[in-house]
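Student: Following this line is data-v4.txt, made up of compact mmCIF, N, CA and C atoms:
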# COMPACT_ATOMS: atom_id res chain seq x y z
N ASP A 1029 17.11 -10.63 4.46
CA ASP A 1029 17.33 -11.53 5.58
C ASP A 1029 16.37 -11.26 6.72
N GLY A 1030 15.13 -10.97 6.39
CA GLY A 1030 14.13 -10.79 7.42
C GLY A 1030 13.95 -9.37 7.91
N GLY A 1031 14.56 -8.39 7.23
CA GLY A 1031 14.35 -6.99 7.61
C GLY A 1031 12.91 -6.60 7.35
N PRO A 1032 12.47 -5.49 7.91
CA PRO A 1032 11.07 -5.07 7.74
C PRO A 1032 10.76 -4.61 6.32
N VAL A 1033 9.48 -4.70 5.98
CA VAL A 1033 8.99 -4.13 4.73
C VAL A 1033 8.10 -2.96 5.13
N LEU A 1034 8.42 -1.78 4.62
CA LEU A 1034 7.68 -0.56 4.92
C LEU A 1034 6.86 -0.20 3.69
N LEU A 1035 5.55 -0.23 3.84
CA LEU A 1035 4.63 0.03 2.73
C LEU A 1035 4.05 1.43 2.84
N TYR A 1036 4.41 2.27 1.88
CA TYR A 1036 3.86 3.62 1.79
C TYR A 1036 2.58 3.55 0.96
N ILE A 1037 1.48 4.01 1.53
CA ILE A 1037 0.19 3.96 0.86
C ILE A 1037 -0.08 5.30 0.18
N GLY A 1038 -0.32 5.26 -1.12
CA GLY A 1038 -0.67 6.47 -1.85
C GLY A 1038 -2.12 6.86 -1.57
N GLY A 1039 -2.42 8.12 -1.76
CA GLY A 1039 -3.76 8.61 -1.46
C GLY A 1039 -4.46 9.25 -2.63
N GLU A 1040 -4.98 10.44 -2.39
CA GLU A 1040 -5.86 11.09 -3.36
C GLU A 1040 -5.12 11.85 -4.46
N ALA A 1041 -3.91 11.45 -4.72
CA ALA A 1041 -3.11 12.08 -5.77
C ALA A 1041 -2.18 11.03 -6.36
N ALA A 1042 -1.56 11.36 -7.46
CA ALA A 1042 -0.59 10.44 -8.07
C ALA A 1042 0.55 10.20 -7.09
N LEU A 1043 1.04 8.99 -7.05
CA LEU A 1043 2.16 8.62 -6.20
C LEU A 1043 3.45 9.08 -6.87
N ARG A 1044 4.27 9.78 -6.15
CA ARG A 1044 5.55 10.25 -6.67
C ARG A 1044 6.67 9.34 -6.14
N SER A 1045 7.58 8.97 -7.02
CA SER A 1045 8.68 8.10 -6.59
C SER A 1045 9.52 8.77 -5.51
N SER A 1046 9.57 10.09 -5.50
CA SER A 1046 10.35 10.79 -4.49
C SER A 1046 9.81 10.53 -3.08
N SER A 1047 8.57 10.07 -2.98
CA SER A 1047 7.98 9.79 -1.68
C SER A 1047 8.68 8.63 -0.97
N VAL A 1048 9.33 7.77 -1.74
CA VAL A 1048 9.96 6.60 -1.14
C VAL A 1048 11.44 6.45 -1.52
N GLN A 1049 12.04 7.54 -1.98
CA GLN A 1049 13.45 7.46 -2.38
C GLN A 1049 14.39 8.07 -1.35
N SER A 1050 13.86 8.87 -0.45
CA SER A 1050 14.71 9.48 0.57
C SER A 1050 13.86 9.84 1.77
N GLY A 1051 14.53 10.22 2.83
CA GLY A 1051 13.83 10.62 4.02
C GLY A 1051 13.94 9.61 5.16
N GLU A 1052 13.24 9.89 6.22
CA GLU A 1052 13.34 9.10 7.44
C GLU A 1052 12.93 7.64 7.24
N ILE A 1053 11.90 7.40 6.45
CA ILE A 1053 11.45 6.02 6.23
C ILE A 1053 12.52 5.22 5.49
N VAL A 1054 13.12 5.82 4.48
CA VAL A 1054 14.18 5.13 3.74
C VAL A 1054 15.38 4.89 4.65
N GLU A 1055 15.74 5.86 5.45
CA GLU A 1055 16.85 5.70 6.39
C GLU A 1055 16.57 4.59 7.40
N THR A 1056 15.34 4.53 7.88
CA THR A 1056 14.95 3.46 8.81
C THR A 1056 15.06 2.10 8.15
N ALA A 1057 14.57 1.98 6.93
CA ALA A 1057 14.66 0.72 6.20
C ALA A 1057 16.12 0.31 6.00
N GLN A 1058 16.97 1.26 5.62
CA GLN A 1058 18.38 0.96 5.41
C GLN A 1058 19.05 0.51 6.71
N LYS A 1059 18.72 1.18 7.78
CA LYS A 1059 19.31 0.86 9.09
C LYS A 1059 18.96 -0.56 9.52
N HIS A 1060 17.77 -1.03 9.16
CA HIS A 1060 17.31 -2.34 9.60
C HIS A 1060 17.28 -3.37 8.47
N ASN A 1061 18.03 -3.08 7.40
CA ASN A 1061 18.10 -3.99 6.24
C ASN A 1061 16.70 -4.31 5.70
N GLY A 1062 15.90 -3.27 5.59
CA GLY A 1062 14.51 -3.43 5.16
C GLY A 1062 14.29 -3.03 3.72
N LEU A 1063 13.05 -3.09 3.34
CA LEU A 1063 12.60 -2.79 1.98
C LEU A 1063 11.48 -1.77 2.07
N VAL A 1064 11.51 -0.77 1.20
CA VAL A 1064 10.43 0.21 1.10
C VAL A 1064 9.70 -0.03 -0.20
N VAL A 1065 8.38 -0.17 -0.12
CA VAL A 1065 7.54 -0.32 -1.30
C VAL A 1065 6.38 0.66 -1.20
N ALA A 1066 5.74 0.93 -2.31
CA ALA A 1066 4.62 1.87 -2.32
C ALA A 1066 3.54 1.36 -3.26
N LEU A 1067 2.30 1.69 -2.93
CA LEU A 1067 1.18 1.34 -3.79
C LEU A 1067 0.33 2.58 -4.03
N GLU A 1068 0.14 2.88 -5.30
CA GLU A 1068 -0.72 4.00 -5.68
C GLU A 1068 -2.18 3.57 -5.55
N HIS A 1069 -2.98 4.44 -5.01
CA HIS A 1069 -4.41 4.17 -4.83
C HIS A 1069 -5.10 4.05 -6.18
N ARG A 1070 -5.95 3.06 -6.31
CA ARG A 1070 -6.73 2.87 -7.52
C ARG A 1070 -7.49 4.16 -7.85
N TYR A 1071 -7.54 4.54 -9.10
CA TYR A 1071 -8.22 5.72 -9.65
C TYR A 1071 -7.39 7.01 -9.57
N TYR A 1072 -6.22 6.96 -8.98
CA TYR A 1072 -5.38 8.16 -8.90
C TYR A 1072 -4.08 7.93 -9.64
N GLY A 1073 -3.51 8.99 -10.20
CA GLY A 1073 -2.26 8.86 -10.93
C GLY A 1073 -2.40 7.95 -12.13
N GLU A 1074 -1.47 7.00 -12.26
CA GLU A 1074 -1.47 6.06 -13.38
C GLU A 1074 -2.39 4.86 -13.15
N SER A 1075 -2.94 4.74 -11.96
CA SER A 1075 -3.73 3.56 -11.59
C SER A 1075 -5.21 3.74 -11.95
N GLN A 1076 -5.47 3.80 -13.24
CA GLN A 1076 -6.82 4.03 -13.75
C GLN A 1076 -7.40 2.72 -14.29
N PRO A 1077 -8.37 2.15 -13.61
CA PRO A 1077 -8.95 0.89 -14.11
C PRO A 1077 -9.87 1.07 -15.31
N PHE A 1078 -10.35 2.30 -15.55
CA PHE A 1078 -11.25 2.57 -16.66
C PHE A 1078 -10.81 3.84 -17.37
N SER A 1079 -11.25 4.00 -18.60
CA SER A 1079 -10.87 5.18 -19.37
C SER A 1079 -11.72 6.41 -19.05
N THR A 1080 -12.86 6.20 -18.40
CA THR A 1080 -13.73 7.33 -18.04
C THR A 1080 -14.14 7.21 -16.57
N PHE A 1081 -14.61 8.33 -16.04
CA PHE A 1081 -15.09 8.35 -14.65
C PHE A 1081 -16.62 8.32 -14.59
N ASP A 1082 -17.24 7.63 -15.52
CA ASP A 1082 -18.69 7.46 -15.48
C ASP A 1082 -19.07 6.76 -14.17
N THR A 1083 -20.23 7.07 -13.67
CA THR A 1083 -20.67 6.54 -12.38
C THR A 1083 -20.52 5.03 -12.24
N PRO A 1084 -20.92 4.22 -13.21
CA PRO A 1084 -20.75 2.77 -13.04
C PRO A 1084 -19.29 2.35 -12.87
N ASN A 1085 -18.37 3.14 -13.44
CA ASN A 1085 -16.95 2.82 -13.34
C ASN A 1085 -16.35 3.15 -11.98
N LEU A 1086 -17.08 3.86 -11.16
CA LEU A 1086 -16.56 4.27 -9.85
C LEU A 1086 -16.91 3.30 -8.73
N LYS A 1087 -17.52 2.18 -9.06
CA LYS A 1087 -17.98 1.26 -8.02
C LYS A 1087 -16.84 0.68 -7.19
N TRP A 1088 -15.61 0.70 -7.70
CA TRP A 1088 -14.47 0.17 -6.96
C TRP A 1088 -13.70 1.26 -6.21
N LEU A 1089 -14.18 2.48 -6.25
CA LEU A 1089 -13.51 3.59 -5.56
C LEU A 1089 -14.05 3.68 -4.14
N THR A 1090 -13.63 2.72 -3.31
CA THR A 1090 -14.06 2.67 -1.92
C THR A 1090 -12.87 2.37 -1.03
N SER A 1091 -12.98 2.72 0.22
CA SER A 1091 -11.91 2.39 1.16
C SER A 1091 -11.79 0.88 1.34
N GLN A 1092 -12.91 0.17 1.30
CA GLN A 1092 -12.87 -1.29 1.42
C GLN A 1092 -12.09 -1.92 0.26
N GLN A 1093 -12.30 -1.41 -0.95
CA GLN A 1093 -11.55 -1.93 -2.10
C GLN A 1093 -10.08 -1.56 -1.98
N ALA A 1094 -9.79 -0.36 -1.49
CA ALA A 1094 -8.40 0.04 -1.30
C ALA A 1094 -7.70 -0.91 -0.33
N LEU A 1095 -8.40 -1.30 0.75
CA LEU A 1095 -7.82 -2.24 1.71
C LEU A 1095 -7.58 -3.61 1.06
N ALA A 1096 -8.52 -4.07 0.26
CA ALA A 1096 -8.36 -5.34 -0.45
C ALA A 1096 -7.19 -5.26 -1.43
N ASP A 1097 -7.05 -4.13 -2.12
CA ASP A 1097 -5.93 -3.94 -3.03
C ASP A 1097 -4.61 -4.02 -2.27
N LEU A 1098 -4.56 -3.38 -1.11
CA LEU A 1098 -3.35 -3.41 -0.28
C LEU A 1098 -3.02 -4.84 0.15
N ALA A 1099 -4.03 -5.59 0.56
CA ALA A 1099 -3.80 -6.97 1.00
C ALA A 1099 -3.21 -7.81 -0.13
N ARG A 1100 -3.77 -7.67 -1.32
CA ARG A 1100 -3.26 -8.43 -2.46
C ARG A 1100 -1.85 -8.00 -2.80
N PHE A 1101 -1.58 -6.70 -2.71
CA PHE A 1101 -0.24 -6.18 -2.98
C PHE A 1101 0.77 -6.77 -1.99
N VAL A 1102 0.43 -6.78 -0.71
CA VAL A 1102 1.32 -7.35 0.31
C VAL A 1102 1.60 -8.82 -0.01
N GLN A 1103 0.58 -9.56 -0.34
CA GLN A 1103 0.76 -10.98 -0.66
C GLN A 1103 1.65 -11.16 -1.89
N ASN A 1104 1.43 -10.32 -2.90
CA ASN A 1104 2.22 -10.40 -4.13
C ASN A 1104 3.68 -10.06 -3.87
N ILE A 1105 3.95 -8.99 -3.16
CA ILE A 1105 5.33 -8.58 -2.86
C ILE A 1105 6.00 -9.64 -1.99
N THR A 1106 5.27 -10.17 -1.03
CA THR A 1106 5.83 -11.20 -0.15
C THR A 1106 6.32 -12.40 -0.96
N GLU A 1107 5.51 -12.83 -1.92
CA GLU A 1107 5.88 -13.97 -2.76
C GLU A 1107 6.98 -13.61 -3.76
N THR A 1108 6.84 -12.46 -4.41
CA THR A 1108 7.77 -12.06 -5.46
C THR A 1108 9.18 -11.81 -4.93
N TYR A 1109 9.28 -11.17 -3.76
CA TYR A 1109 10.59 -10.80 -3.22
C TYR A 1109 11.04 -11.71 -2.08
N ASP A 1110 10.32 -12.82 -1.86
CA ASP A 1110 10.69 -13.82 -0.86
C ASP A 1110 10.94 -13.17 0.51
N VAL A 1111 9.95 -12.42 0.97
CA VAL A 1111 10.07 -11.75 2.27
C VAL A 1111 9.05 -12.31 3.27
N GLN A 1112 8.86 -13.63 3.24
CA GLN A 1112 7.91 -14.27 4.14
C GLN A 1112 8.26 -14.07 5.61
N ASP A 1113 9.55 -13.92 5.91
CA ASP A 1113 9.98 -13.76 7.31
C ASP A 1113 10.02 -12.31 7.76
N SER A 1114 9.66 -11.41 6.87
CA SER A 1114 9.71 -9.97 7.20
C SER A 1114 8.42 -9.51 7.86
N LYS A 1115 8.57 -8.53 8.72
CA LYS A 1115 7.41 -7.89 9.33
C LYS A 1115 7.05 -6.67 8.48
N TRP A 1116 5.75 -6.49 8.26
CA TRP A 1116 5.26 -5.39 7.44
C TRP A 1116 4.74 -4.25 8.31
N PHE A 1117 5.09 -3.03 7.90
CA PHE A 1117 4.58 -1.81 8.52
C PHE A 1117 3.97 -0.97 7.41
N VAL A 1118 2.75 -0.51 7.61
CA VAL A 1118 2.06 0.29 6.59
C VAL A 1118 1.91 1.72 7.11
N PHE A 1119 2.04 2.69 6.22
CA PHE A 1119 1.95 4.08 6.65
C PHE A 1119 1.51 4.98 5.53
N GLY A 1120 1.07 6.15 5.91
CA GLY A 1120 0.65 7.18 4.99
C GLY A 1120 0.16 8.36 5.80
N GLY A 1121 -0.19 9.43 5.15
CA GLY A 1121 -0.69 10.61 5.84
C GLY A 1121 -2.10 10.93 5.39
N SER A 1122 -2.88 11.51 6.27
CA SER A 1122 -4.26 11.89 5.96
C SER A 1122 -5.07 10.63 5.64
N TYR A 1123 -5.77 10.60 4.52
CA TYR A 1123 -6.56 9.43 4.14
C TYR A 1123 -5.71 8.15 4.12
N PRO A 1124 -4.50 8.16 3.51
CA PRO A 1124 -3.68 6.95 3.57
C PRO A 1124 -3.27 6.57 4.99
N GLY A 1125 -3.17 7.54 5.87
CA GLY A 1125 -2.90 7.23 7.28
C GLY A 1125 -4.05 6.46 7.90
N ALA A 1126 -5.27 6.89 7.57
CA ALA A 1126 -6.45 6.16 8.05
C ALA A 1126 -6.48 4.76 7.43
N LEU A 1127 -6.16 4.66 6.14
CA LEU A 1127 -6.11 3.34 5.50
C LEU A 1127 -5.10 2.43 6.20
N SER A 1128 -3.97 2.99 6.61
CA SER A 1128 -2.96 2.16 7.28
C SER A 1128 -3.50 1.59 8.59
N ALA A 1129 -4.20 2.42 9.35
CA ALA A 1129 -4.78 1.93 10.61
C ALA A 1129 -5.87 0.90 10.34
N TRP A 1130 -6.73 1.16 9.38
CA TRP A 1130 -7.80 0.21 9.04
C TRP A 1130 -7.21 -1.09 8.51
N PHE A 1131 -6.13 -0.99 7.74
CA PHE A 1131 -5.49 -2.18 7.20
C PHE A 1131 -4.97 -3.06 8.34
N ARG A 1132 -4.34 -2.43 9.30
CA ARG A 1132 -3.80 -3.18 10.44
C ARG A 1132 -4.92 -3.87 11.20
N LEU A 1133 -6.06 -3.21 11.33
CA LEU A 1133 -7.21 -3.82 12.03
C LEU A 1133 -7.84 -4.95 11.22
N LYS A 1134 -7.99 -4.74 9.92
CA LYS A 1134 -8.67 -5.73 9.08
C LYS A 1134 -7.77 -6.91 8.72
N TYR A 1135 -6.48 -6.67 8.58
CA TYR A 1135 -5.53 -7.70 8.16
C TYR A 1135 -4.36 -7.80 9.14
N PRO A 1136 -4.62 -8.13 10.40
CA PRO A 1136 -3.52 -8.18 11.38
C PRO A 1136 -2.49 -9.26 11.05
N GLN A 1137 -2.86 -10.23 10.25
CA GLN A 1137 -1.91 -11.28 9.87
C GLN A 1137 -0.93 -10.78 8.81
N LEU A 1138 -1.20 -9.62 8.19
CA LEU A 1138 -0.34 -9.10 7.14
C LEU A 1138 0.55 -7.95 7.58
N ALA A 1139 0.18 -7.23 8.62
CA ALA A 1139 0.98 -6.09 9.06
C ALA A 1139 1.06 -6.07 10.59
N VAL A 1140 2.26 -5.79 11.09
CA VAL A 1140 2.43 -5.73 12.54
C VAL A 1140 2.31 -4.31 13.08
N GLY A 1141 2.34 -3.32 12.18
CA GLY A 1141 2.24 -1.95 12.64
C GLY A 1141 1.76 -1.01 11.55
N SER A 1142 1.22 0.11 12.01
CA SER A 1142 0.79 1.14 11.06
C SER A 1142 1.09 2.49 11.67
What would the structure in this file look like if it were written as structure tokens?

Tutor:
Amino acid sequence: DGGPVLLYIGGEAALRSSSVQSGEIVETAQKHNGLVVALEHRYYGESQPFSTFDTPNLKWLTSQQALADLARFVQNITETYDVQDSKWFVFGGSYPGALSAWFRLKYPQLAVGS
């Protein structure tokens, strides 16, 4: 019913489900009737676009591509879960924290906070 969507951005390691199953972010989402979602960074964990790490296969391992992946993910979740009226907040720590700030700057129409 229009609660916030909190997007946890994965970083330089595999995304663990425990990252979004408990804690302050989950409590905040519950308090505000929100949704918590997470996206694993391309090339880390299970998100392997290629079977090898040969140099030509690494051309998509950039922060710009990560931001584009996040934008598409937000659009997909918005449509799939019918959360068009929800405000999106993106977050992460270290590199994903920087991605969250860059995402907010590059896609202000998709996220209200980072």

Student: How many Å lie between atom C of Ala1042 (chain A) and CA of Arg1070 (chain A), rounded to one decimal?

Tutor: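 Rounded to one decimal, the two atoms are 10.3 Å apart.
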
Student: Tell me, as a list in words, which residues lie within 8 Å of region 1087-1103 of chain A, counting all atoms listed in the file; anything in the same chain fewer than 3 positions away does not count.

Tutor: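 The residues that qualify are Leu1067, His1069, Arg1070, Tyr1071, Asp1082, Thr1083, Pro1084, Thr1106, Glu1107, Thr1108, Tyr1109, Leu1127, Trp1130, Phe1131, Tyr1135 and Leu1138 of chain A.
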
Student: Counting only N, CA and C atoms, which of A:Pro1136, A:Gly1141, A:Gly1039, A:Gly1051 gets nearest to Lys1115 (chain A)?

Tutor: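 Smallest separation from Lys1115 (chain A) among the options: A:Gly1141.
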
Student: Using only C-alpha atoms, which of the listed residues (A:Ser1128, A:Gln1058, A:Gln1112, A:Thr1080) sits closest to Leu1035 (chain A)?

Tutor: A:Ser1128

Student: A:Asn1104, A:Leu1063, A:Phe1081, A:Leu1133: which is nearest Val1033 (chain A), counting all atoms listed in the file?

Tutor: A:Leu1063

Student: Would you place a box with edges along x, y and z of the file around all atoms of region 1116-1123 of chain A listed there, add 5 Å to each of its six sides, and report the centre and edge lengths in Å to one decimal, as JSON?

Tutor:
{"center_x": -0.4, "center_y": 2.7, "center_z": 6.3, "size_x": 22.3, "size_y": 28.4, "size_z": 14.4}

Student: Please report, as a short mmCIF file (atom, residue, chain, number, x, y, z; two decimals) with N, CA and C atoms, in the coordinates of the input, each residue of chain A to which DSSP assigns strand (DSSP E) when run on this structure's backbone.

Tutor:
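Result saved to out34.cif:
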data_model
loop_
_atom_site.label_atom_id
_atom_site.label_comp_id
_atom_site.auth_asym_id
_atom_site.auth_seq_id
_atom_site.Cartn_x
_atom_site.Cartn_y
_atom_site.Cartn_z
N VAL A 1033 9.48 -4.70 5.98
CA VAL A 1033 8.99 -4.13 4.73
C VAL A 1033 8.10 -2.96 5.13
N LEU A 1034 8.42 -1.78 4.62
CA LEU A 1034 7.68 -0.56 4.92
C LEU A 1034 6.86 -0.20 3.69
N LEU A 1035 5.55 -0.23 3.84
CA LEU A 1035 4.63 0.03 2.73
C LEU A 1035 4.05 1.43 2.84
N TYR A 1036 4.41 2.27 1.88
CA TYR A 1036 3.86 3.62 1.79
C TYR A 1036 2.58 3.55 0.96
N ILE A 1037 1.48 4.01 1.53
CA ILE A 1037 0.19 3.96 0.86
C ILE A 1037 -0.08 5.30 0.18
N LEU A 1063 13.05 -3.09 3.34
CA LEU A 1063 12.60 -2.79 1.98
C LEU A 1063 11.48 -1.77 2.07
N VAL A 1064 11.51 -0.77 1.20
CA VAL A 1064 10.43 0.21 1.10
C VAL A 1064 9.70 -0.03 -0.20
N VAL A 1065 8.38 -0.17 -0.12
CA VAL A 1065 7.54 -0.32 -1.30
C VAL A 1065 6.38 0.66 -1.20
N ALA A 1066 5.74 0.93 -2.31
CA ALA A 1066 4.62 1.87 -2.32
C ALA A 1066 3.54 1.36 -3.26
N LEU A 1067 2.30 1.69 -2.93
CA LEU A 1067 1.18 1.34 -3.79
C LEU A 1067 0.33 2.58 -4.03
N TRP A 1116 5.75 -6.49 8.26
CA TRP A 1116 5.26 -5.39 7.44
C TRP A 1116 4.74 -4.25 8.31
N PHE A 1117 5.09 -3.03 7.90
CA PHE A 1117 4.58 -1.81 8.52
C PHE A 1117 3.97 -0.97 7.41
N VAL A 1118 2.75 -0.51 7.61
CA VAL A 1118 2.06 0.29 6.59
C VAL A 1118 1.91 1.72 7.11
N PHE A 1119 2.04 2.69 6.22
CA PHE A 1119 1.95 4.08 6.65
C PHE A 1119 1.51 4.98 5.53
#

Student: Measuring between only C-alpha atoms, which one of A:Pro1077, A:Pro1032, A:Gly1038, A:Gly1062 shows the shortest distance to Phe1117 (chain A)?

Tutor: A:Pro1032

Student: Report, in Å to a single decimal, how far apart CA of Gly1030 (chain A) and atom C of Asn1061 (chain A) are.

Tutor: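 Atom-to-atom, atom C of Asn1061 (chain A) and CA of Gly1030 (chain A) are spaced 7.2 Å apart.
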